[in-house]
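A.B. asks: This one is protein_16.txt, compact mmCIF, C-alpha atoms.
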# COMPACT_ATOMS: atom_id res chain seq x y z
CA MET A 287 -12.11 -39.93 -43.51
CA ARG A 288 -12.76 -38.27 -46.88
CA ARG A 289 -15.12 -35.80 -45.17
CA LEU A 290 -12.52 -34.99 -42.53
CA ILE A 291 -9.97 -34.21 -45.24
CA GLU A 292 -12.49 -31.95 -46.97
CA VAL A 293 -13.24 -30.09 -43.73
CA SER A 294 -9.53 -29.69 -43.05
CA VAL A 295 -8.99 -28.20 -46.50
CA ALA A 296 -11.95 -25.86 -45.98
CA PHE A 297 -10.54 -24.69 -42.65
CA ARG A 298 -7.15 -23.96 -44.22
CA ARG A 299 -8.82 -22.09 -47.05
CA HIS A 300 -10.79 -19.92 -44.64
CA ALA A 301 -7.67 -19.33 -42.55
CA ALA A 302 -5.89 -18.06 -45.63
CA VAL A 303 -8.74 -15.66 -46.42
CA ILE A 304 -8.76 -14.35 -42.83
CA SER A 305 -4.99 -13.81 -42.92
CA VAL A 306 -5.27 -11.86 -46.18
CA VAL A 307 -8.01 -9.65 -44.71
CA LEU A 308 -5.98 -8.95 -41.56
CA LEU A 309 -2.92 -8.13 -43.62
CA THR A 310 -4.89 -5.77 -45.84
CA VAL A 311 -6.50 -3.96 -42.89
CA SER A 312 -3.14 -3.63 -41.18
CA ALA A 313 -1.52 -2.21 -44.30
CA LEU A 314 -4.32 0.33 -44.81
CA ALA A 315 -4.33 1.47 -41.15
CA PRO A 316 -2.94 5.01 -40.86
CA ALA A 317 0.39 5.45 -39.10
CA ILE A 318 0.20 6.86 -35.57
CA SER A 319 1.55 10.39 -35.13
CA ALA A 320 3.33 11.91 -32.13
CA GLU A 321 0.27 14.12 -31.46
CA GLU A 322 -1.85 10.98 -30.90
CA VAL A 323 0.46 9.53 -28.24
CA PRO A 324 -1.19 10.12 -24.82
CA VAL A 325 0.74 11.92 -22.07
CA VAL A 326 0.04 11.11 -18.40
CA VAL A 327 1.21 13.56 -15.74
CA ALA A 328 2.09 11.53 -12.62
CA ILE A 329 2.54 14.01 -9.77
CA ASP A 330 3.70 13.40 -6.20
CA THR A 331 1.16 14.79 -3.71
CA SER A 332 2.65 13.21 -0.58
CA ARG A 333 3.64 15.30 2.42
CA SER A 334 7.30 15.09 1.39
CA LEU A 335 6.43 18.18 -0.68
CA SER A 336 5.30 21.36 1.06
CA PRO A 337 2.13 23.14 -0.11
CA SER A 338 4.22 25.89 -1.69
CA GLU A 339 6.44 23.37 -3.52
CA LEU A 340 3.40 21.51 -4.83
CA ALA A 341 1.73 24.77 -5.95
CA SER A 342 4.89 25.84 -7.78
CA MET A 343 5.17 22.41 -9.43
CA THR A 344 1.55 22.37 -10.63
CA SER A 345 1.95 25.87 -12.06
CA ASN A 346 5.00 24.70 -14.03
CA VAL A 347 3.09 21.69 -15.32
CA GLY A 348 0.44 23.97 -16.80
CA ASP A 349 3.13 25.92 -18.70
CA ILE A 350 4.74 22.66 -19.90
CA LEU A 351 1.46 21.27 -21.26
CA ALA A 352 0.70 24.54 -23.03
CA GLY A 353 3.57 23.77 -25.42
CA LEU A 354 2.09 20.43 -26.54
CA PRO A 355 -0.23 20.08 -29.58
CA LEU A 356 -3.79 21.02 -28.70
CA ASP A 357 -5.25 17.58 -29.53
CA THR A 358 -2.77 15.58 -27.45
CA PRO A 359 -4.64 13.20 -25.06
CA ILE A 360 -3.54 14.08 -21.51
CA GLY A 361 -4.26 12.40 -18.17
CA LEU A 362 -3.47 13.30 -14.55
CA LEU A 363 -2.51 10.78 -11.84
CA ALA A 364 -1.81 11.94 -8.26
CA PHE A 365 -0.13 9.61 -5.76
CA ASP A 366 0.62 9.58 -2.04
CA ASP A 367 -0.73 6.70 0.08
CA SER A 368 -2.30 5.33 -3.12
CA PRO A 369 -2.48 6.27 -6.84
CA GLU A 370 -5.62 8.18 -7.86
CA TRP A 371 -6.75 9.08 -11.36
CA ILE A 372 -7.82 12.73 -11.40
CA VAL A 373 -8.20 12.83 -15.20
CA GLU A 374 -8.22 9.67 -17.35
CA PRO A 375 -5.48 9.37 -20.05
CA SER A 376 -7.97 10.31 -22.77
CA GLY A 377 -8.61 13.70 -21.13
CA THR A 378 -7.98 17.20 -22.45
CA ARG A 379 -5.36 19.77 -21.55
CA GLU A 380 -8.04 22.10 -20.15
CA ALA A 381 -9.35 19.37 -17.79
CA VAL A 382 -5.85 18.65 -16.48
CA GLU A 383 -4.97 22.32 -15.99
CA SER A 384 -8.21 22.85 -14.05
CA ALA A 385 -7.57 19.83 -11.81
CA LEU A 386 -3.95 20.80 -11.05
CA ALA A 387 -5.07 23.81 -9.01
CA ASP A 388 -6.99 21.56 -6.57
CA LEU A 389 -4.09 19.26 -5.64
CA LYS A 390 -2.99 19.41 -1.99
CA PRO A 391 -0.33 17.49 0.00
CA ALA A 392 -1.82 14.42 1.70
CA GLY A 393 -1.05 10.95 3.03
CA ASN A 394 1.88 9.46 4.91
CA PHE A 395 3.66 7.46 2.19
CA THR A 396 4.82 7.85 -1.41
CA LEU A 397 3.74 4.87 -3.53
CA LEU A 398 5.90 5.88 -6.50
CA ASN A 399 6.33 2.44 -8.11
CA ASP A 400 2.65 1.55 -7.66
CA ALA A 401 1.65 4.85 -9.29
CA LEU A 402 3.86 4.26 -12.34
CA PHE A 403 2.57 0.68 -12.66
CA THR A 404 -1.02 1.98 -12.48
CA ALA A 405 -0.31 4.59 -15.16
CA ALA A 406 1.36 2.02 -17.45
CA ARG A 407 -1.62 -0.35 -17.19
CA LYS A 408 -3.88 2.45 -18.46
CA LEU A 409 -1.68 2.89 -21.56
CA PRO A 410 -1.79 -0.53 -23.28
CA ASP A 411 -1.25 1.07 -26.71
CA GLY A 412 1.74 3.22 -25.73
CA GLY A 413 2.29 6.63 -24.20
CA VAL A 414 4.56 8.99 -22.26
CA ILE A 415 4.57 9.52 -18.49
CA LEU A 416 5.70 12.92 -17.18
CA LEU A 417 6.85 12.09 -13.65
CA LEU A 418 7.23 14.86 -11.04
CA THR A 419 8.49 13.59 -7.67
CA ASP A 420 11.46 13.48 -5.33
CA GLY A 421 12.15 9.93 -6.50
CA ARG A 422 11.62 8.28 -3.12
CA ASP A 423 9.33 5.24 -2.96
CA GLU A 424 7.66 4.14 0.28
CA ASN A 425 5.54 1.03 0.84
CA SER A 426 4.87 0.12 -2.83
CA ALA A 427 3.88 -3.46 -3.58
CA THR A 428 5.60 -3.30 -6.99
CA THR A 429 9.27 -2.73 -7.84
CA VAL A 430 11.20 -0.71 -10.39
CA LYS A 431 11.73 -3.98 -12.29
CA ASP A 432 7.94 -4.50 -12.49
CA VAL A 433 7.43 -0.95 -13.77
CA ALA A 434 10.21 -1.22 -16.37
CA GLY A 435 8.90 -4.55 -17.70
CA LEU A 436 5.34 -3.25 -18.17
CA CYS A 437 6.57 -0.02 -19.78
CA ARG A 438 8.67 -1.93 -22.30
CA THR A 439 5.75 -4.23 -23.12
CA ASN A 440 3.30 -1.33 -23.62
CA HIS A 441 5.74 1.03 -25.41
CA ILE A 442 5.83 3.64 -22.63
CA ARG A 443 8.60 6.14 -21.89
CA ILE A 444 9.12 8.02 -18.61
CA VAL A 445 10.21 11.66 -18.65
CA ALA A 446 11.40 12.29 -15.09
CA LEU A 447 11.56 15.68 -13.39
CA GLY A 448 12.79 16.05 -9.79
CA ALA A 449 10.85 18.11 -7.24
CA GLY A 450 11.16 18.69 -3.49
CA ARG A 451 13.89 19.27 -0.90
CA ARG A 452 15.54 15.79 -0.92
CA ILE A 453 15.62 14.45 -4.47
CA ASP A 454 16.88 10.95 -5.26
CA GLU A 455 18.27 11.70 -8.70
CA ARG A 456 19.75 8.20 -9.04
CA ALA A 457 16.27 6.63 -8.77
CA LEU A 458 14.84 9.05 -11.33
CA ARG A 459 17.70 8.40 -13.77
CA ARG A 460 17.18 4.65 -13.39
CA LEU A 461 13.45 4.89 -14.18
CA ALA A 462 14.20 6.97 -17.27
CA LEU A 463 16.98 4.67 -18.52
CA LEU A 464 14.99 1.47 -18.04
CA THR A 465 12.10 2.83 -20.13
CA ASP A 466 14.19 4.57 -22.86
CA GLY A 467 12.98 7.88 -21.45
CA VAL A 468 14.92 10.88 -20.17
CA HIS A 469 15.74 12.48 -16.81
CA LEU A 470 15.69 16.27 -17.27
CA GLY A 471 16.88 17.38 -13.83
CA ASN A 472 14.98 19.41 -11.22
CA THR A 473 12.05 21.77 -11.67
CA GLY A 474 13.88 24.76 -10.26
CA ALA A 475 16.93 24.38 -12.50
CA ILE A 476 15.58 23.76 -16.00
CA GLU A 477 13.74 25.75 -18.64
CA LEU A 478 10.14 24.64 -19.04
CA THR A 479 10.51 24.72 -22.82
CA THR A 480 13.19 22.06 -22.45
CA VAL A 481 10.69 19.84 -20.63
CA THR A 482 8.11 20.36 -23.37
CA GLN A 483 10.71 19.49 -25.98
CA GLY A 484 11.63 16.34 -24.02
CA LEU A 485 7.97 15.26 -23.95
CA THR A 486 7.62 15.90 -27.69
CA GLU A 487 10.72 13.88 -28.53
CA ALA A 488 9.59 11.02 -26.27
CA ALA A 489 6.15 11.01 -27.95
CA ARG A 490 7.78 10.98 -31.39
CA ALA A 491 10.05 8.05 -30.44
CA THR A 492 7.09 6.16 -28.96
CA ALA A 493 5.03 6.68 -32.14
CA SER A 494 7.91 5.33 -34.25
CA GLU A 495 8.26 2.31 -31.97
CA ILE A 496 4.53 1.54 -32.14
CA GLU A 497 4.56 1.86 -35.94
CA ALA A 498 7.60 -0.43 -36.21
CA ALA A 499 5.85 -3.04 -34.05
CA ARG A 500 2.74 -2.81 -36.25
CA VAL A 501 4.78 -3.28 -39.43
CA THR A 502 6.59 -6.25 -37.89
CA GLN A 503 3.26 -7.86 -37.02
CA SER A 504 2.02 -7.25 -40.57
CA HIS A 505 5.08 -8.96 -42.00
CA ARG A 506 4.54 -11.97 -39.74
CA GLN A 507 0.96 -12.28 -40.96
CA GLY A 508 2.19 -11.93 -44.54
CA VAL A 509 4.47 -14.96 -44.16
CA GLU A 510 1.58 -17.13 -43.00
CA VAL A 511 -0.66 -16.36 -45.99
CA PRO A 512 1.32 -18.18 -48.73
CA MET A 513 1.95 -21.13 -46.37
CA ALA A 514 -1.79 -21.61 -45.90
CA ALA A 515 -2.54 -21.04 -49.58
CA THR A 516 0.02 -23.58 -50.83
CA GLN A 517 -1.58 -26.32 -48.76
CA GLN A 518 -4.89 -26.22 -50.64
CA SER A 519 -6.00 -29.31 -52.56
CA PRO A 520 -6.38 -29.43 -56.40
CA SER A 521 -8.94 -27.33 -58.23
CA SER A 522 -11.56 -30.06 -58.11
CA ALA A 523 -11.61 -30.02 -54.30
CA PRO A 524 -13.43 -26.67 -53.83
CA GLN A 525 -16.36 -27.94 -55.91
CA GLU A 526 -16.76 -30.91 -53.57
CA ILE A 527 -16.29 -28.79 -50.45
CA SER A 528 -19.28 -26.66 -51.31
CA SER A 529 -21.53 -29.68 -50.92
CA ALA A 530 -20.29 -30.52 -47.40
CA PRO A 531 -22.96 -30.06 -44.67
CA TRP A 532 -22.64 -26.81 -42.69
CA TRP A 533 -22.83 -28.63 -39.38
CA LEU A 534 -19.81 -30.87 -40.02
CA LEU A 535 -17.15 -28.38 -38.86
CA PRO A 536 -18.88 -27.57 -35.50
CA LEU A 537 -19.36 -31.28 -34.92
CA LEU A 538 -15.67 -31.91 -35.55
CA LEU A 539 -14.72 -29.20 -33.06
CA VAL A 540 -17.02 -30.71 -30.43
CA LEU A 541 -15.46 -34.14 -30.99
CA ILE A 542 -11.95 -32.71 -30.62
CA VAL A 543 -12.87 -31.02 -27.34
CA ALA A 544 -14.45 -34.23 -26.04
CA VAL A 545 -11.34 -36.28 -26.90
CA LEU A 546 -9.06 -33.75 -25.19
CA ALA A 547 -11.27 -33.76 -22.06
CA ALA A 548 -11.19 -37.59 -22.00
CA LEU A 549 -7.40 -37.58 -22.28
CA VAL A 550 -7.07 -35.11 -19.41
CA MET A 551 -9.36 -37.21 -17.20
CA LEU A 552 -7.40 -40.37 -18.08
CA TRP A 553 -4.11 -38.64 -17.27
CA ARG A 554 -5.42 -37.51 -13.89
CA TRP A 555 -6.77 -40.98 -13.12
CA ARG A 556 -3.53 -42.75 -14.00
CA ARG A 557 -1.21 -40.17 -12.46
CA PRO A 558 0.43 -41.69 -9.35
CA VAL A 559 -0.37 -40.17 -6.01
CA GLN A 560 2.45 -37.86 -4.98
CA SER A 561 4.46 -39.16 -2.08
CA GLY A 562 7.25 -37.66 -0.05
CA PRO A 563 7.61 -34.70 2.28
CA ASP A 564 5.90 -32.03 0.14
CA LYS A 565 2.54 -31.54 1.86
CA SER A 566 2.28 -27.83 1.04
CA GLY A 567 -0.93 -28.20 -0.98
CA GLU A 568 -2.62 -30.10 1.86
CA TRP A 569 -1.47 -27.49 4.39
CA GLU A 570 -3.01 -24.70 2.30
CA THR A 571 -6.41 -26.39 1.96
CA ASN A 572 -6.54 -27.99 5.42
CA PRO A 573 -4.55 -26.12 8.12
CA SER A 574 -5.32 -28.91 10.63
CA LEU A 575 -2.78 -31.09 8.78
CA LEU A 576 0.10 -28.78 9.73
CA PRO A 577 2.78 -30.52 11.80
CA ASP A 578 2.74 -29.47 15.46
CA GLU A 579 5.90 -27.37 15.21
CA LEU A 580 4.60 -25.45 12.16
CA SER A 581 1.15 -24.96 13.68
CA ALA A 582 2.68 -23.60 16.89
CA SER A 583 4.84 -21.15 14.95
CA ALA A 584 1.88 -19.94 12.91
CA LYS A 585 -0.34 -19.47 15.98
CA GLU A 586 2.27 -17.81 18.19
CA PRO A 587 4.07 -15.29 15.98
CA THR A 588 5.21 -13.13 18.91
CA VAL A 589 7.32 -15.73 20.71
CA ASP A 590 10.83 -14.46 21.46
CA LEU A 591 13.10 -17.10 19.99
CA ALA A 592 16.13 -16.33 22.22
CA PRO A 593 15.49 -13.26 24.38
CA ALA A 594 18.61 -13.77 26.45
CA LEU A 595 20.97 -13.60 23.47
CA PRO A 596 22.04 -10.40 21.71
CA MET A 597 20.90 -10.15 18.07
CA ASP A 598 24.32 -10.75 16.53
CA GLU A 599 24.53 -14.15 18.25
CA ARG A 600 21.08 -15.37 17.12
CA ALA A 601 21.70 -15.19 13.37
CA ASP A 602 24.54 -17.46 12.27
CA GLU A 603 25.84 -15.55 9.28
CA LEU A 604 27.84 -17.88 7.08
CA ILE A 605 30.88 -17.14 4.97
CA LEU A 606 30.90 -19.87 2.33
CA ASP A 607 34.20 -21.56 1.53
CA PRO A 608 34.28 -22.28 -2.24
CA SER A 609 37.13 -24.74 -1.72
CA ALA A 610 34.71 -27.07 0.11
CA PHE A 611 33.08 -27.92 -3.20
CA GLU A 612 36.45 -28.76 -4.76
CA ARG A 613 37.46 -31.35 -2.13
CA LEU A 614 35.53 -34.38 -3.35
CA PRO A 615 35.85 -38.02 -2.14
CA PHE A 616 38.55 -40.21 -3.74
CA ASP A 617 40.45 -37.19 -5.06
CA GLY A 618 43.77 -38.81 -5.75
CA ASP A 619 44.28 -40.24 -2.25
CA LEU A 620 42.45 -43.52 -1.71
CA ASP A 621 43.44 -43.61 1.96
CA THR A 622 41.47 -40.48 2.79
CA THR A 623 37.71 -40.17 2.34
CA SER A 624 36.02 -36.78 2.62
CA ILE A 625 32.82 -36.71 4.68
CA LEU A 626 30.18 -34.36 3.32
CA ASP A 627 27.60 -32.81 5.61
CA GLU A 628 24.34 -31.37 4.26
CA GLN A 629 23.76 -27.78 5.36
CA HIS A 630 20.71 -25.60 4.80
CA ILE A 631 21.41 -21.99 3.85
CA LEU A 632 19.18 -18.92 3.51
CA ASN A 633 20.47 -16.27 1.12
CA VAL A 634 19.12 -12.76 1.78
CA MET A 635 18.96 -10.30 -1.14
CA GLU A 636 17.98 -6.78 -0.04
CA PRO A 637 17.66 -4.06 -2.70
CA GLY A 638 20.93 -2.18 -3.07
CA MET A 639 22.87 -4.49 -0.72
CA GLU A 640 25.22 -7.43 -1.16
CA ILE A 641 23.85 -10.95 -0.72
CA ARG A 642 24.12 -12.33 2.82
CA SER A 643 23.99 -16.02 3.75
CA PHE A 644 22.71 -17.54 7.00
CA ARG A 645 22.95 -21.12 8.24
CA LEU A 646 19.60 -22.62 9.25
CA ARG A 647 19.63 -24.79 12.36
CA GLN A 648 17.64 -27.95 13.00
CA ASP A 649 16.96 -27.07 16.64
CA ARG A 650 15.18 -23.72 16.27
CA ALA A 651 13.20 -21.57 13.89
CA PHE A 652 14.58 -18.65 11.90
CA ALA A 653 12.29 -15.58 12.17
CA VAL A 654 12.34 -12.57 9.81
CA GLY A 655 10.73 -9.17 10.37
CA ARG A 656 11.19 -5.53 11.31
CA ALA A 657 10.81 -5.82 15.09
CA PRO A 658 14.01 -6.07 17.18
CA ARG A 659 14.73 -8.90 19.67
CA VAL A 660 11.84 -11.14 18.57
CA ASN A 661 13.35 -11.91 15.12
CA THR A 662 16.40 -13.92 14.23
CA LEU A 663 17.01 -11.54 11.33
CA LYS A 664 15.82 -7.93 11.70
CA LEU A 665 15.38 -6.01 8.43
CA ASP A 666 14.46 -2.33 8.07
CA SER A 667 12.22 -2.57 4.99
CA LYS A 668 8.86 -0.85 5.60
CA ALA A 669 7.19 -3.42 3.34
CA LEU A 670 7.83 -6.10 5.98
CA SER A 671 5.64 -6.73 9.01
CA SER A 672 7.02 -6.66 12.55
CA GLN A 673 7.12 -10.45 12.43
CA HIS A 674 6.73 -11.43 8.79
CA PHE A 675 7.59 -15.13 8.42
CA LYS A 676 9.57 -17.99 9.93
CA ILE A 677 11.56 -20.86 8.53
CA VAL A 678 10.75 -23.76 10.84
CA PRO A 679 12.54 -27.12 10.98
CA HIS A 680 10.35 -30.21 10.97
CA GLU A 681 10.82 -33.94 10.51
CA ASP A 682 11.07 -33.71 6.70
CA GLY A 683 13.27 -30.62 6.44
CA PHE A 684 12.28 -26.96 6.65
CA ALA A 685 9.07 -25.04 5.97
CA ALA A 686 8.29 -21.35 5.42
CA VAL A 687 5.40 -20.18 7.63
CA ASP A 688 3.72 -16.78 7.12
CA LEU A 689 2.95 -15.00 10.41
CA ASP A 690 -0.24 -13.26 9.22
CA SER A 691 1.88 -10.55 7.59
CA THR A 692 0.22 -7.54 5.96
CA ASN A 693 1.75 -7.99 2.50
CA GLY A 694 1.95 -11.78 2.68
CA THR A 695 4.78 -14.23 1.98
CA LEU A 696 5.34 -15.68 -1.49
CA VAL A 697 7.21 -18.86 -2.41
CA ASN A 698 8.11 -19.13 -6.10
CA GLY A 699 5.58 -16.37 -6.86
CA ARG A 700 2.63 -17.98 -4.99
CA ARG A 701 1.27 -16.61 -1.72
CA ILE A 702 1.50 -19.21 1.04
CA ARG A 703 0.49 -19.87 4.63
CA ALA A 704 2.93 -22.74 5.13
CA HIS A 705 5.16 -24.32 2.48
CA HIS A 706 7.64 -27.19 2.57
CA LEU A 707 10.91 -25.83 1.16
CA GLU A 708 12.97 -27.48 -1.54
CA ALA A 709 16.47 -26.50 -2.63
CA GLY A 710 16.32 -23.44 -4.89
CA ASP A 711 12.94 -22.16 -3.66
CA LYS A 712 12.60 -18.36 -3.82
CA ILE A 713 10.84 -16.58 -0.94
CA GLN A 714 9.53 -13.01 -1.37
CA ALA A 715 8.64 -10.85 1.64
CA GLY A 716 7.93 -7.23 0.79
CA ASP A 717 10.80 -6.00 -1.38
CA VAL A 718 13.31 -8.50 0.04
CA GLU A 719 14.02 -11.79 -1.73
CA PHE A 720 15.34 -14.94 -0.04
CA GLU A 721 16.70 -18.19 -1.51
CA PHE A 722 16.65 -21.54 0.27
CA LYS A 723 19.73 -23.59 -0.63
CA VAL A 724 21.21 -26.93 0.37
CA ILE A 725 24.99 -27.34 0.19
CA LEU A 726 27.46 -30.08 1.01
CA LYS A 727 30.26 -29.11 3.35
CA THR A 728 33.43 -31.13 3.76
CA LEU A 729 33.92 -32.26 7.39
CA LEU A 730 37.08 -34.36 6.90
Mind turning this structure into structure tokens?
C.D. replies:
Amino acid sequence: MRRLIEVSVAFRRHAAVISVVLLTVSALAPAISAEEVPVVVAIDTSRSLSPSELASMTSNVGDILAGLPLDTPIGLLAFDDSPEWIVEPSGTREAVESALADLKPAGNFTLLNDALFTAARKLPDGGVILLLTDGRDENSATTVKDVAGLCRTNHIRIVALGAGRRIDERALRRLALLTDGVHLGNTGAIELTTVTQGLTEAARATASEIEAARVTQSHRQGVEVPMAATQQSPSSAPQEISSAPWWLLPLLLVLIVAVLAALVMLWRWRRPVQSGPDKSGEWETNPSLLPDELSASAKEPTVDLAPALPMDERADELILDPSAFERLPFDGDLDTTSILDEQHILNVMEPGMEIRSFRLRQDRAFAVGRAPRVNTLKLDSKALSSQHFKIVPHEDGFAAVDLDSTNGTLVNGRRIRAHHLEAGDKIQAGDVEFEFKVILKTLL
């Protein structure tokens, strides 16, 4: 026990020394300047821009970059059907200007969000993205929310500039606002010097933000140093510590790891076997365990659920009555008892639209996809497959079954093949989110 105490004191002493060193190095590190903040030019090369529009835009970019400090790190990212790095973020202005002349319209889609997410991942230490596009995103796997979150984490600002015939200025303003950047308008209606000034101000603000974060981290390390130092033993202890064998600390660490591993194994051994209807894990690892109705739905994704009915009669859209939750049993009148019926609801949350609610039925599946007639709910999102997924009733409730969709179906953030649904589960298909809910409705 005495040896363990000595080793513990030694560890704390070394931790204090390490903290002091880190604090000193952090304090001596030079502050980052605006000229050191990298600038990435993210340019739309999809066919939504004509060759002449793209040529005019690339020429303007060259004039914009000419106003930046000569040593500014500059990168070039082109995007259409996929993002492509033409020049890495550590590149030079000359390399970017040379590459701009070779850009040509290509592809069939505009993966705007994916391009911005790709650019932000390449700037873990902060930067500025000069975005030139019409603001229209097509077929991206990421969302504006994903882009904004990564930009805030990595200290990245977006300077947005509209280009093309049909510009979605609202989308560009949103990207700029969510990243503390700026939307400067359209390329044909703004002075290029104004764009250069906007980039310079964004780089200056980013440098200040990075420096503030570094100082905050230094202060946090500074608080830990005296705490570690005050926990040292009396002056006689260091003399005894020096005689402790060098191998004692590694041995202690090995023993700690072994004890933790034994505890984990004991916990797994004593944990009761999960019972109940949730067989999702077994379905994922062994598809043969799927109930017959789920297996049939997964193997026959093209079955027309109700071909004789028009679409508006196949989806039972539900208008919820809030007063149903207020009428509870034994509410003042003992002669009347309210009967509550359990109903299963699917909330549909499409980007830019109000939430819709649909009642799920126990006698048939609820199919979601882009194709007409074969789906209970037809959605127009290009990120969805023709038949994307179904919600299928089975003996223990309802299950979500992916129909071999291109982008997959996620339940609570995890990609699934078939998953038993519980109240509150979130389903993600493309850019549309669904929520499975169970409510009690008053029948009497």
A.B. asks: May I have the residues at most 12 Å from (-0.7, 12.3, -7.3) in the file's coordinates, counting all atoms listed in the file, as an mmCIF file with C-alpha atoms, in the frame of the given file?
C.D. replies:
data_model
loop_
_atom_site.group_PDB
_atom_site.id
_atom_site.type_symbol
_atom_site.label_atom_id
_atom_site.label_comp_id
_atom_site.auth_asym_id
_atom_site.auth_seq_id
_atom_site.Cartn_x
_atom_site.Cartn_y
_atom_site.Cartn_z
ATOM 1 C CA VAL A 326 0.040 11.110 -18.400
ATOM 2 C CA VAL A 327 1.210 13.560 -15.740
ATOM 3 C CA ALA A 328 2.090 11.530 -12.620
ATOM 4 C CA ILE A 329 2.540 14.010 -9.770
ATOM 5 C CA ASP A 330 3.700 13.400 -6.200
ATOM 6 C CA THR A 331 1.160 14.790 -3.710
ATOM 7 C CA SER A 332 2.650 13.210 -0.580
ATOM 8 C CA ARG A 333 3.640 15.300 2.420
ATOM 9 C CA LEU A 335 6.430 18.180 -0.680
ATOM 10 C CA LEU A 340 3.400 21.510 -4.830
ATOM 11 C CA MET A 343 5.170 22.410 -9.430
ATOM 12 C CA THR A 344 1.550 22.370 -10.630
ATOM 13 C CA GLY A 361 -4.260 12.400 -18.170
ATOM 14 C CA LEU A 362 -3.470 13.300 -14.550
ATOM 15 C CA LEU A 363 -2.510 10.780 -11.840
ATOM 16 C CA ALA A 364 -1.810 11.940 -8.260
ATOM 17 C CA PHE A 365 -0.130 9.610 -5.760
ATOM 18 C CA ASP A 366 0.620 9.580 -2.040
ATOM 19 C CA ASP A 367 -0.730 6.700 0.080
ATOM 20 C CA SER A 368 -2.300 5.330 -3.120
ATOM 21 C CA PRO A 369 -2.480 6.270 -6.840
ATOM 22 C CA GLU A 370 -5.620 8.180 -7.860
ATOM 23 C CA TRP A 371 -6.750 9.080 -11.360
ATOM 24 C CA ILE A 372 -7.820 12.730 -11.400
ATOM 25 C CA VAL A 373 -8.200 12.830 -15.200
ATOM 26 C CA ALA A 385 -7.570 19.830 -11.810
ATOM 27 C CA LEU A 386 -3.950 20.800 -11.050
ATOM 28 C CA ASP A 388 -6.990 21.560 -6.570
ATOM 29 C CA LEU A 389 -4.090 19.260 -5.640
ATOM 30 C CA LYS A 390 -2.990 19.410 -1.990
ATOM 31 C CA PRO A 391 -0.330 17.490 0.000
ATOM 32 C CA ALA A 392 -1.820 14.420 1.700
ATOM 33 C CA GLY A 393 -1.050 10.950 3.030
ATOM 34 C CA PHE A 395 3.660 7.460 2.190
ATOM 35 C CA THR A 396 4.820 7.850 -1.410
ATOM 36 C CA LEU A 397 3.740 4.870 -3.530
ATOM 37 C CA LEU A 398 5.900 5.880 -6.500
ATOM 38 C CA ASP A 400 2.650 1.550 -7.660
ATOM 39 C CA ALA A 401 1.650 4.850 -9.290
ATOM 40 C CA LEU A 402 3.860 4.260 -12.340
ATOM 41 C CA THR A 404 -1.020 1.980 -12.480
ATOM 42 C CA ALA A 405 -0.310 4.590 -15.160
ATOM 43 C CA LEU A 416 5.700 12.920 -17.180
ATOM 44 C CA LEU A 417 6.850 12.090 -13.650
ATOM 45 C CA LEU A 418 7.230 14.860 -11.040
ATOM 46 C CA THR A 419 8.490 13.590 -7.670
#
A.B. asks: Quick check, in Å to one decimal: how far apart do atom CA of A:Asp466 and atom CA of A:Ala491 lie?
C.D. replies: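 Answer for the atom CA of A:Asp466 to atom CA of A:Ala491 separation: 9.3 Å.
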A.B. asks: Please give the centre and size of the box around stretch 347-350 of chain A (axis-aligned, containing every atom listed in the file, 8 Å added per side), with values in Å to one decimal and written as JSON.
C.D. replies:
{"center_x": 2.6, "center_y": 23.8, "center_z": -17.6, "size_x": 20.3, "size_y": 20.2, "size_z": 20.6}
A.B. asks: A:Ala434: which residues within 12 Å, counting all atoms listed in the file, same-chain residues fewer than 5 positions away excluded, as an MDAnalysis selection string?
C.D. replies: chainID A and resid 399:400 402:403 406:407 428:429 439:444 460:467
A.B. asks: Please, what distance in Å, to one decimal, runs between atom CA of A:Phe684 and atom CA of A:Leu707?
C.D. replies: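 Interatomic distance, atom CA of A:Phe684 to atom CA of A:Leu707: 5.8 Å.
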A.B. asks: Go ahead and compute the interatomic distance for atom CA of A:Ala704 and atom CA of A:Arg645, in Å to one decimal.
C.D. replies: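 Atom CA of A:Ala704 sits 20.3 Å away from atom CA of A:Arg645.
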A.B. asks: Given only C-alpha atoms as the basis, pick out the residue of A:Ala488, A:Ile713, A:Val430, A:Val481 nearest to A:Pro324.
C.D. replies: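 Once distances to A:Pro324 are computed over only C-alpha atoms, the minimum belongs to A:Ala488.
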